[in-house]
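Content type mmCIF, C-alpha atoms; chains and numbers go by the auth columns, from the file input.cif:
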data_final
#
loop_
_atom_site.group_PDB
_atom_site.id
_atom_site.type_symbol
_atom_site.label_atom_id
_atom_site.label_comp_id
_atom_site.label_asym_id
_atom_site.label_seq_id
_atom_site.Cartn_x
_atom_site.Cartn_y
_atom_site.Cartn_z
_atom_site.B_iso_or_equiv
_atom_site.auth_seq_id
_atom_site.auth_asym_id
ATOM 1 C CA MET A 1 13.625 -23.311 -7.741 0.00 5 A
ATOM 2 C CA ALA A 2 11.884 -21.664 -10.692 0.00 6 A
ATOM 3 C CA VAL A 3 13.100 -18.384 -12.148 0.00 7 A
ATOM 4 C CA GLN A 4 11.563 -15.487 -10.237 0.00 8 A
ATOM 5 C CA VAL A 5 8.445 -13.896 -11.715 0.00 9 A
ATOM 6 C CA TRP A 6 7.707 -10.298 -10.736 0.00 10 A
ATOM 7 C CA PRO A 7 6.220 -9.061 -8.558 0.00 11 A
ATOM 8 C CA ILE A 8 7.437 -11.293 -5.708 0.00 12 A
ATOM 9 C CA PRO A 9 4.444 -12.104 -3.446 0.00 13 A
ATOM 10 C CA THR A 10 4.631 -11.057 0.185 0.00 14 A
ATOM 11 C CA SER A 11 4.902 -14.686 1.300 0.00 15 A
ATOM 12 C CA GLU A 12 8.200 -15.047 -0.576 0.00 16 A
ATOM 13 C CA PHE A 13 9.842 -11.739 0.356 0.00 17 A
ATOM 14 C CA PHE A 14 8.252 -9.138 2.626 0.00 18 A
ATOM 15 C CA ASP A 15 6.870 -11.625 5.151 0.00 19 A
ATOM 16 C CA GLN A 16 10.270 -13.358 5.287 0.00 20 A
ATOM 17 C CA LEU A 17 12.110 -10.290 6.593 0.00 21 A
ATOM 18 C CA GLY A 18 13.039 -9.655 10.217 0.00 22 A
ATOM 19 C CA ILE A 19 11.613 -6.139 10.261 0.00 23 A
ATOM 20 C CA GLU A 20 12.394 -3.825 13.166 0.00 24 A
ATOM 21 C CA GLU A 21 10.886 -0.588 11.817 0.00 25 A
ATOM 22 C CA ALA A 22 8.845 0.312 8.757 0.00 26 A
ATOM 23 C CA THR A 23 7.202 3.388 7.259 0.00 27 A
ATOM 24 C CA PHE A 24 4.467 3.634 4.634 0.00 28 A
ATOM 25 C CA PHE A 25 3.501 7.137 3.490 0.00 29 A
ATOM 26 C CA LEU A 26 2.224 9.222 0.605 0.00 30 A
ATOM 27 C CA PRO A 27 4.605 12.062 -0.348 0.00 31 A
ATOM 28 C CA GLY A 28 3.625 15.145 -2.295 0.00 32 A
ATOM 29 C CA GLU A 29 4.643 15.197 -5.945 0.00 33 A
ATOM 30 C CA SER A 30 4.509 18.887 -6.802 0.00 34 A
ATOM 31 C CA THR A 31 6.548 22.011 -7.340 0.00 35 A
ATOM 32 C CA SER A 32 5.639 25.596 -6.527 0.00 36 A
ATOM 33 C CA SER A 33 6.236 29.035 -7.956 0.00 37 A
ATOM 34 C CA VAL A 34 5.553 32.559 -6.683 0.00 38 A
ATOM 35 C CA THR A 35 3.869 35.274 -8.706 0.00 39 A
ATOM 36 C CA ALA A 36 4.887 38.938 -8.663 0.00 40 A
ATOM 37 C CA GLY A 37 1.892 39.550 -6.414 0.00 41 A
ATOM 38 C CA GLY A 38 3.133 37.079 -3.823 0.00 42 A
ATOM 39 C CA GLU A 39 0.733 34.245 -4.651 0.00 43 A
ATOM 40 C CA VAL A 40 2.160 30.737 -4.257 0.00 44 A
ATOM 41 C CA ILE A 41 1.044 28.456 -7.098 0.00 45 A
ATOM 42 C CA THR A 42 1.435 24.689 -6.750 0.00 46 A
ATOM 43 C CA HIS A 43 1.973 22.542 -9.838 0.00 47 A
ATOM 44 C CA ARG A 44 1.451 18.771 -9.852 0.00 48 A
ATOM 45 C CA ARG A 45 4.663 17.063 -10.976 0.00 49 A
ATOM 46 C CA GLY A 46 3.455 13.502 -11.395 0.00 50 A
ATOM 47 C CA ALA A 47 1.413 10.680 -9.873 0.00 51 A
ATOM 48 C CA ARG A 48 1.411 10.457 -6.083 0.00 52 A
ATOM 49 C CA LEU A 49 2.882 7.073 -5.234 0.00 53 A
ATOM 50 C CA TRP A 50 3.260 5.399 -1.858 0.00 54 A
ATOM 51 C CA GLN A 51 6.763 4.923 -0.540 0.00 55 A
ATOM 52 C CA GLY A 52 8.574 3.979 2.640 0.00 56 A
ATOM 53 C CA GLU A 53 11.595 2.586 4.415 0.00 57 A
ATOM 54 C CA VAL A 54 12.191 -0.808 6.027 0.00 58 A
ATOM 55 C CA VAL A 55 14.767 -1.229 8.801 0.00 59 A
ATOM 56 C CA LEU A 56 15.811 -4.814 9.497 0.00 60 A
ATOM 57 C CA GLY A 57 16.691 -6.119 12.939 0.00 61 A
ATOM 58 C CA ARG A 58 19.991 -7.619 14.082 0.00 62 A
ATOM 59 C CA SER A 59 20.374 -11.375 13.610 0.00 63 A
ATOM 60 C CA GLU A 60 22.807 -14.203 12.893 0.00 64 A
ATOM 61 C CA PRO A 61 25.080 -13.651 9.868 0.00 65 A
ATOM 62 C CA GLU A 62 23.473 -16.549 7.976 0.00 66 A
ATOM 63 C CA VAL A 63 19.990 -15.071 8.424 0.00 67 A
ATOM 64 C CA ILE A 64 21.148 -11.619 7.309 0.00 68 A
ATOM 65 C CA ALA A 65 22.949 -13.104 4.298 0.00 69 A
ATOM 66 C CA ALA A 66 19.732 -14.797 3.177 0.00 70 A
ATOM 67 C CA GLN A 67 17.807 -11.524 3.529 0.00 71 A
ATOM 68 C CA ASP A 68 20.508 -9.619 1.659 0.00 72 A
ATOM 69 C CA ALA A 69 20.304 -12.089 -1.232 0.00 73 A
ATOM 70 C CA LEU A 70 16.582 -11.450 -1.619 0.00 74 A
ATOM 71 C CA ILE A 71 16.961 -7.673 -1.357 0.00 75 A
ATOM 72 C CA GLU A 72 19.929 -7.408 -3.721 0.00 76 A
ATOM 73 C CA HIS A 73 18.031 -9.475 -6.292 0.00 77 A
ATOM 74 C CA LEU A 74 15.417 -6.712 -6.336 0.00 78 A
ATOM 75 C CA LEU A 75 18.020 -4.243 -7.626 0.00 79 A
ATOM 76 C CA GLU A 76 17.736 -5.953 -11.022 0.00 80 A
ATOM 77 C CA PRO A 77 16.030 -3.845 -13.717 0.00 81 A
ATOM 78 C CA GLY A 78 12.344 -4.734 -13.914 0.00 82 A
ATOM 79 C CA ALA A 79 12.240 -6.300 -10.448 0.00 83 A
ATOM 80 C CA SER A 80 9.274 -5.615 -8.171 0.00 84 A
ATOM 81 C CA PHE A 81 7.598 -6.991 -5.071 0.00 85 A
ATOM 82 C CA MET A 82 4.336 -6.776 -3.148 0.00 86 A
ATOM 83 C CA ILE A 83 4.182 -4.872 0.126 0.00 87 A
ATOM 84 C CA TYR A 84 1.623 -3.652 2.666 0.00 88 A
ATOM 85 C CA ASP A 85 1.514 -1.334 5.690 0.00 89 A
ATOM 86 C CA ARG A 86 2.588 -3.459 8.673 0.00 90 A
ATOM 87 C CA ARG A 87 1.344 -0.836 11.119 0.00 91 A
ATOM 88 C CA GLN A 88 -2.325 -1.373 10.266 0.00 92 A
ATOM 89 C CA PHE A 89 -4.408 -4.485 10.736 0.00 93 A
ATOM 90 C CA ALA A 90 -7.934 -5.300 9.673 0.00 94 A
ATOM 91 C CA PRO A 91 -10.654 -2.692 10.387 0.00 95 A
ATOM 92 C CA GLU A 92 -12.562 -3.325 13.604 0.00 96 A
ATOM 93 C CA ASP A 93 -15.868 -2.113 14.990 0.00 97 A
ATOM 94 C CA PRO A 94 -17.017 -2.494 18.634 0.00 98 A
ATOM 95 C CA ALA A 95 -20.379 -3.640 17.266 0.00 99 A
ATOM 96 C CA TYR A 96 -18.589 -6.767 16.010 0.00 100 A
ATOM 97 C CA PRO A 97 -16.490 -7.911 19.007 0.00 101 A
ATOM 98 C CA ALA A 98 -15.694 -11.278 17.371 0.00 102 A
ATOM 99 C CA GLY A 99 -14.152 -9.483 14.391 0.00 103 A
ATOM 100 C CA ILE A 100 -14.809 -9.932 10.693 0.00 104 A
ATOM 101 C CA ASN A 101 -13.325 -12.503 8.349 0.00 105 A
ATOM 102 C CA TRP A 102 -12.549 -10.019 5.591 0.00 106 A
ATOM 103 C CA ALA A 103 -11.305 -12.747 3.267 0.00 107 A
ATOM 104 C CA THR A 104 -14.891 -13.969 2.915 0.00 108 A
ATOM 105 C CA GLN A 105 -16.606 -10.570 3.026 0.00 109 A
ATOM 106 C CA PRO A 106 -17.636 -9.625 -0.558 0.00 110 A
ATOM 107 C CA VAL A 107 -16.857 -5.891 -0.429 0.00 111 A
ATOM 108 C CA THR A 108 -16.940 -4.146 -3.825 0.00 112 A
ATOM 109 C CA ILE A 109 -16.999 -0.620 -5.256 0.00 113 A
ATOM 110 C CA LYS A 110 -20.640 0.481 -5.430 0.00 114 A
ATOM 111 C CA SER A 111 -20.194 3.809 -7.224 0.00 115 A
ATOM 112 C CA LEU A 112 -17.552 6.209 -8.507 0.00 116 A
ATOM 113 C CA ILE A 113 -18.156 9.942 -8.183 0.00 117 A
ATOM 114 C CA PRO A 114 -17.042 12.376 -10.936 0.00 118 A
ATOM 115 C CA GLY A 115 -13.834 14.136 -9.905 0.00 119 A
ATOM 116 C CA ASN A 116 -11.898 10.961 -9.005 0.00 120 A
ATOM 117 C CA ARG A 117 -11.861 11.809 -5.291 0.00 121 A
ATOM 118 C CA GLU A 118 -14.865 9.888 -3.961 0.00 122 A
ATOM 119 C CA LEU A 119 -16.440 6.447 -4.145 0.00 123 A
ATOM 120 C CA SER A 120 -18.858 4.276 -2.209 0.00 124 A
ATOM 121 C CA LEU A 121 -18.696 0.633 -1.167 0.00 125 A
ATOM 122 C CA GLN A 122 -21.124 -2.238 -0.777 0.00 126 A
ATOM 123 C CA GLY A 123 -20.866 -5.639 0.856 0.00 127 A
ATOM 124 C CA LEU A 124 -19.720 -4.434 4.279 0.00 128 A
ATOM 125 C CA PRO A 125 -21.249 -5.941 7.420 0.00 129 A
ATOM 126 C CA PRO A 126 -24.497 -4.060 8.231 0.00 130 A
ATOM 127 C CA ASN A 127 -23.845 -0.785 10.078 0.00 131 A
ATOM 128 C CA PHE A 128 -20.067 -1.380 10.157 0.00 132 A
ATOM 129 C CA THR A 129 -18.018 1.822 10.540 0.00 133 A
ATOM 130 C CA LEU A 130 -14.733 2.523 8.744 0.00 134 A
ATOM 131 C CA ARG A 131 -12.592 5.395 10.020 0.00 135 A
ATOM 132 C CA ARG A 132 -10.205 8.056 8.795 0.00 136 A
ATOM 133 C CA GLY A 133 -6.726 6.709 8.073 0.00 137 A
ATOM 134 C CA GLN A 134 -7.800 3.164 7.288 0.00 138 A
ATOM 135 C CA LYS A 135 -6.770 1.867 3.871 0.00 139 A
ATOM 136 C CA ILE A 136 -8.669 0.111 1.127 0.00 140 A
ATOM 137 C CA GLY A 137 -7.196 -1.590 -1.916 0.00 141 A
ATOM 138 C CA PHE A 138 -8.300 -3.023 -5.238 0.00 142 A
ATOM 139 C CA GLN A 139 -6.991 -4.008 -8.662 0.00 143 A
ATOM 140 C CA TYR A 140 -7.724 -2.268 -11.954 0.00 144 A
ATOM 141 C CA LEU A 141 -6.778 -2.488 -15.635 0.00 145 A
ATOM 142 C CA ALA A 142 -4.662 -5.334 -17.054 0.00 146 A
ATOM 143 C CA SER A 143 -1.372 -6.098 -18.821 0.00 147 A
ATOM 144 C CA PRO A 144 -0.170 -5.268 -16.262 0.00 148 A
ATOM 145 C CA VAL A 145 -2.680 -5.308 -13.439 0.00 149 A
ATOM 146 C CA ARG A 146 -2.434 -2.175 -11.283 0.00 150 A
ATOM 147 C CA TYR A 147 -2.704 -2.398 -7.493 0.00 151 A
ATOM 148 C CA ALA A 148 -4.320 0.620 -5.829 0.00 152 A
ATOM 149 C CA VAL A 149 -4.166 1.521 -2.135 0.00 153 A
ATOM 150 C CA HIS A 150 -6.138 4.513 -0.866 0.00 154 A
ATOM 151 C CA ARG A 151 -6.510 6.074 2.581 0.00 155 A
ATOM 152 C CA ILE A 152 -9.955 7.099 3.862 0.00 156 A
ATOM 153 C CA LEU A 153 -10.213 10.846 4.586 0.00 157 A
ATOM 154 C CA ASN A 154 -13.685 11.049 6.134 0.00 158 A
ATOM 155 C CA ALA A 155 -13.798 10.869 9.942 0.00 159 A
ATOM 156 C CA THR A 156 -16.233 7.932 9.742 0.00 160 A
ATOM 157 C CA VAL A 157 -17.812 5.921 6.948 0.00 161 A
ATOM 158 C CA THR A 158 -20.764 3.873 8.230 0.00 162 A
ATOM 159 C CA ALA A 159 -22.537 1.254 6.148 0.00 163 A
ATOM 160 C CA ASP A 160 -26.322 1.107 6.185 0.00 164 A
ATOM 161 C CA GLY A 161 -28.388 -1.967 7.022 0.00 165 A
ATOM 162 C CA THR A 162 -27.592 -3.503 3.636 0.00 166 A
ATOM 163 C CA GLY A 163 -23.821 -2.993 3.964 0.00 167 A
ATOM 164 C CA ALA A 164 -23.617 -0.049 1.548 0.00 168 A
ATOM 165 C CA THR A 165 -21.900 3.267 2.326 0.00 169 A
ATOM 166 C CA ALA A 166 -22.510 6.812 1.225 0.00 170 A
ATOM 167 C CA ARG A 167 -19.832 8.497 -0.871 0.00 171 A
ATOM 168 C CA PHE A 168 -16.542 9.218 0.881 0.00 172 A
ATOM 169 C CA GLU A 169 -13.208 10.778 -0.034 0.00 173 A
ATOM 170 C CA VAL A 170 -9.897 8.972 -0.402 0.00 174 A
ATOM 171 C CA SER A 171 -6.258 9.867 -0.999 0.00 175 A
ATOM 172 C CA PRO A 172 -4.567 9.703 -3.445 0.00 176 A
ATOM 173 C CA PHE A 173 -7.084 10.488 -6.182 0.00 177 A
ATOM 174 C CA LEU A 174 -8.616 7.540 -8.027 0.00 178 A
ATOM 175 C CA ARG A 175 -6.885 6.791 -11.322 0.00 179 A
ATOM 176 C CA PRO A 176 -8.451 6.100 -14.736 0.00 180 A
ATOM 177 C CA GLY A 177 -9.387 2.457 -15.177 0.00 181 A
ATOM 178 C CA VAL A 178 -11.056 1.860 -11.810 0.00 182 A
ATOM 179 C CA VAL A 179 -14.513 0.324 -12.323 0.00 183 A
ATOM 180 C CA VAL A 180 -17.692 -0.200 -10.335 0.00 184 A
ATOM 181 C CA GLY A 181 -17.913 -3.744 -9.028 0.00 185 A
ATOM 182 C CA ALA A 182 -14.183 -4.181 -8.385 0.00 186 A
ATOM 183 C CA SER A 183 -13.405 -6.316 -5.326 0.00 187 A
ATOM 184 C CA VAL A 184 -12.105 -4.266 -2.376 0.00 188 A
ATOM 185 C CA ILE A 185 -9.530 -5.434 0.176 0.00 189 A
ATOM 186 C CA LEU A 186 -9.695 -3.942 3.666 0.00 190 A
ATOM 187 C CA GLU A 187 -7.244 -6.161 5.557 0.00 191 A
ATOM 188 C CA ARG A 188 -3.705 -4.961 4.777 0.00 192 A
ATOM 189 C CA PRO A 189 -4.225 -4.143 1.090 0.00 193 A
ATOM 190 C CA GLN A 190 -1.086 -4.689 -0.967 0.00 194 A
ATOM 191 C CA LEU A 191 0.603 -2.702 -3.699 0.00 195 A
ATOM 192 C CA ARG A 192 3.409 -3.353 -6.169 0.00 196 A
ATOM 193 C CA ALA A 193 6.720 -1.676 -5.296 0.00 197 A
ATOM 194 C CA LYS A 194 10.247 -1.293 -6.577 0.00 198 A
ATOM 195 C CA LEU A 195 13.427 -1.087 -4.534 0.00 199 A
ATOM 196 C CA LEU A 196 15.032 2.365 -4.510 0.00 200 A
ATOM 197 C CA THR A 197 18.078 1.990 -2.259 0.00 201 A
ATOM 198 C CA PHE A 198 19.665 -0.706 -0.096 0.00 202 A
ATOM 199 C CA LYS A 199 22.081 -0.135 2.796 0.00 203 A
ATOM 200 C CA PRO A 200 23.583 -3.428 4.067 0.00 204 A
ATOM 201 C CA GLY A 201 24.048 -3.893 7.798 0.00 205 A
ATOM 202 C CA ALA A 202 27.492 -3.921 9.435 0.00 206 A
ATOM 203 C CA GLY A 203 28.832 -6.948 11.295 0.00 207 A
ATOM 204 C CA ARG A 204 28.850 -6.836 15.119 0.00 208 A
ATOM 205 C CA SER A 205 30.851 -9.775 16.544 0.00 209 A
ATOM 206 C CA LYS A 206 28.571 -12.818 16.260 0.00 210 A
ATOM 207 C CA ARG A 207 25.561 -10.721 15.238 0.00 211 A
ATOM 208 C CA THR A 208 25.016 -8.638 12.116 0.00 212 A
ATOM 209 C CA GLU A 209 22.939 -5.510 11.670 0.00 213 A
ATOM 210 C CA GLY A 210 20.058 -6.002 9.277 0.00 214 A
ATOM 211 C CA GLY A 211 20.526 -2.866 7.205 0.00 215 A
ATOM 212 C CA SER A 212 17.686 -0.970 5.544 0.00 216 A
ATOM 213 C CA PHE A 213 16.076 -0.289 2.196 0.00 217 A
ATOM 214 C CA THR A 214 13.697 2.237 0.680 0.00 218 A
ATOM 215 C CA TRP A 215 10.920 1.501 -1.782 0.00 219 A
ATOM 216 C CA GLN A 216 8.348 3.223 -3.972 0.00 220 A
ATOM 217 C CA GLN A 217 5.085 2.076 -5.476 0.00 221 A
ATOM 218 C CA THR A 218 5.107 1.282 -9.184 0.00 222 A
ATOM 219 C CA LEU A 219 2.018 1.009 -11.398 0.00 223 A
ATOM 220 C CA GLY A 220 3.631 -0.457 -14.500 0.00 224 A
ATOM 221 C CA GLY A 221 4.865 -3.939 -15.263 0.00 225 A
ATOM 222 C CA GLY A 222 8.483 -2.818 -15.103 0.00 226 A
ATOM 223 C CA VAL A 223 10.142 -0.164 -12.990 0.00 227 A
#

Step by step, read the file and then write its structure as C-alpha cells.
Amino acid sequence: MAVQVWPIPTSEFFDQLGIEEATFFLPGESTSSVTAGGEVITHRRGARLWQGEVVLGRSEPEVIAAQDALIEHLLEPGASFMIYDRRQFAPEDPAYPAGINWATQPVTIKSLIPGNRELSLQGLPPNFTLRRGQKIGFQYLASPVRYAVHRILNATVTADGTGATARFEVSPFLRPGVVVGASVILERPQLRAKLLTFKPGAGRSKRTEGGSFTWQQTLGGGV
C-alpha cells in the first residue's frame, strides 16, 4: 500500500463507512454587537464553510476496528478527505422520467454576476428545472485546487431550450478565483474536509458501536 496522499477520495474512506446518520450544513460565521440605540450589527467573522457529523452504525469488532484506523489516521496534521451530502441524490425532473446521466452532461458556468452571489449555467438538458436546496459543485484555482459546493436559493431554476439558465442565487457566496467555463457537478458534488473530533464507539458484547466524528470543509492544501 502506497503512503496516503491527501485528500483521501470518497472511494477509499467515506464510501467505506457504515454510516447510520449524517448531517451536512452551512453554519453562520459571524458575531454581533448592539449599539446604544438598540441596533443589532452583525460582523462577518470568517469564511462560511460546510460542516457536519457522521454517526456510524453498530457492527462486528473487526469492522469497527478497520473504520477506526481510517478515522484516527485523519487526526494527523495536514490530513484531509473528500465528502458529499449523502441525503441528496442527482437532480430529477418529471420531464425526464428516465433520469439524466450527469457524468456525461457537460454543464459549465455560463456567467458570473458582480456581487459574488449569482451565476448562470449552460449545458443542462433543455428545459430542465433545478430547485431550491439542490447543490452544485465545481473546482477553482490551483496549488491547491479548491472544491466549492453551493446550495441553490431560488425556488426554481429552469434552463431554456438550449440548456442555459438565467442568473440565480447561491449560498455561500462565490469566492475569488471562480471562472466562467468551469465544469459543474450536480450529482453529489464533493468538497475537501478535515476531521474535527472523533468519539470511538463502546463495545456491546459481540457487537461494537460505531462511534461518531465531526468534520469541517477546508479550502487550503493543509488544515

Given the file above and the PyMOL selection byres ((chain A and resi 80-96) around 8), which residues are selected, and can you give them as a PDB file with C-alpha atoms, in the coordinates of the input?
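The file below, part35.pdb, is the result:
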ATOM      1  CA  TRP A  10       7.707 -10.298 -10.736  1.00  0.00           C
ATOM      2  CA  PRO A  11       6.220  -9.061  -8.558  1.00  0.00           C
ATOM      3  CA  ILE A  12       7.437 -11.293  -5.708  1.00  0.00           C
ATOM      4  CA  PRO A  13       4.444 -12.104  -3.446  1.00  0.00           C
ATOM      5  CA  THR A  14       4.631 -11.057   0.185  1.00  0.00           C
ATOM      6  CA  PHE A  17       9.842 -11.739   0.356  1.00  0.00           C
ATOM      7  CA  PHE A  18       8.252  -9.138   2.626  1.00  0.00           C
ATOM      8  CA  ALA A  26       8.845   0.312   8.757  1.00  0.00           C
ATOM      9  CA  THR A  27       7.202   3.388   7.259  1.00  0.00           C
ATOM     10  CA  PHE A  28       4.467   3.634   4.634  1.00  0.00           C
ATOM     11  CA  GLU A  76      19.929  -7.408  -3.721  1.00  0.00           C
ATOM     12  CA  HIS A  77      18.031  -9.475  -6.292  1.00  0.00           C
ATOM     13  CA  LEU A  78      15.417  -6.712  -6.336  1.00  0.00           C
ATOM     14  CA  LEU A  79      18.020  -4.243  -7.626  1.00  0.00           C
ATOM     15  CA  ASP A  97     -15.868  -2.113  14.990  1.00  0.00           C
ATOM     16  CA  PRO A  98     -17.017  -2.494  18.634  1.00  0.00           C
ATOM     17  CA  TYR A 100     -18.589  -6.767  16.010  1.00  0.00           C
ATOM     18  CA  GLY A 103     -14.152  -9.483  14.391  1.00  0.00           C
ATOM     19  CA  ILE A 104     -14.809  -9.932  10.693  1.00  0.00           C
ATOM     20  CA  TRP A 106     -12.549 -10.019   5.591  1.00  0.00           C
ATOM     21  CA  LEU A 134     -14.733   2.523   8.744  1.00  0.00           C
ATOM     22  CA  GLN A 138      -7.800   3.164   7.288  1.00  0.00           C
ATOM     23  CA  LEU A 190      -9.695  -3.942   3.666  1.00  0.00           C
ATOM     24  CA  GLU A 191      -7.244  -6.161   5.557  1.00  0.00           C
ATOM     25  CA  ARG A 192      -3.705  -4.961   4.777  1.00  0.00           C
ATOM     26  CA  PRO A 193      -4.225  -4.143   1.090  1.00  0.00           C
ATOM     27  CA  GLN A 194      -1.086  -4.689  -0.967  1.00  0.00           C
ATOM     28  CA  LEU A 195       0.603  -2.702  -3.699  1.00  0.00           C
ATOM     29  CA  ARG A 196       3.409  -3.353  -6.169  1.00  0.00           C
ATOM     30  CA  ALA A 197       6.720  -1.676  -5.296  1.00  0.00           C
ATOM     31  CA  LYS A 198      10.247  -1.293  -6.577  1.00  0.00           C
ATOM     32  CA  LEU A 199      13.427  -1.087  -4.534  1.00  0.00           C
ATOM     33  CA  GLY A 225       4.865  -3.939 -15.263  1.00  0.00           C
ATOM     34  CA  GLY A 226       8.483  -2.818 -15.103  1.00  0.00           C
ATOM     35  CA  VAL A 227      10.142  -0.164 -12.990  1.00  0.00           C
TER      36      VAL A 227
END

- Query: Once the PyMOL selection byres ((chain A and resi 178) around 9) has been applied to the shown file, what residues remain in the selection, as a ChimeraX atom specification?
  - Reply: /A:119-123,152,154,174-177,179-182

- Given the file shown, determine the residues that the PyMOL selection byres ((chain A and resi 61-75) around 7) selects; report them as a ChimeraX atom specification. /A:21-24,59-60,76-78,210-214

- Interatomic distance between atom CA of A:Gly167 and atom CA of A:Gln126?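 It comes out at 5.5 Å.
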
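The two atoms in question, atom CA of A:Gln8 and atom CA of A:Ala146, are spaced 20.3 Å apart.
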
- Task: Using atom CA of A:Val184 and atom CA of A:Ala99 as the two end points, give the distance in Å to one decimal.
- Result: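 That distance, rounded to one decimal, is 27.9 Å.
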
- For A:Val149, which of A:Gln20, A:Val58, A:Thr222, A:Phe29 is the closest residue, counting only C-alpha atoms?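 Checking each of A:Gln20, A:Val58, A:Thr222, A:Phe29 against A:Val149, counting only C-alpha atoms, the winner is A:Thr222.
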
- Need the neighbours of (-4.1, 2.0, 5.5): which residues are at most 6 Å away, counting all atoms listed in the file, as a PyMOL selection string? chain A and resi 137-139+155

- Residue among A:Ser124, A:Thr169, A:Gln220, A:Asn158 lying closest to A:Val183, counting only C-alpha atoms: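 Nearest candidate to A:Val183 out of A:Ser124, A:Thr169, A:Gln220, A:Asn158: A:Ser124.
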
Would you compute an axis-aligned box for stretch 200-213 of chain A, covering every atom listed for it in the file with 5 Å of margin on each side, and report centre and edge lengths in Å to one decimal as lines of an AutoDock Vina configuration file?
center_x = 22.9
center_y = -5.2
center_z = 6.0
size_x = 25.8
size_y = 25.2
size_z = 31.1

- Closest of A:Ser115, A:Phe132, A:Gln143, A:Leu223 to A:Pro101, counting only C-alpha atoms, is A:Phe132

- Query: For A:Thr108, which of A:Gly56, A:Gly41, A:Ser15, A:Leu128 is the closest residue, counting only C-alpha atoms?
  - Reply: A:Leu128

- Task: Please provide as JSON, numbers by chain all residues within 10 Å of A:Pro110, with the sequence filter that same-chain residues fewer than 5 positions apart are discarded (counting all atoms listed in the file).
- Result: {"A": [126, 127, 128, 129, 187, 188, 189]}
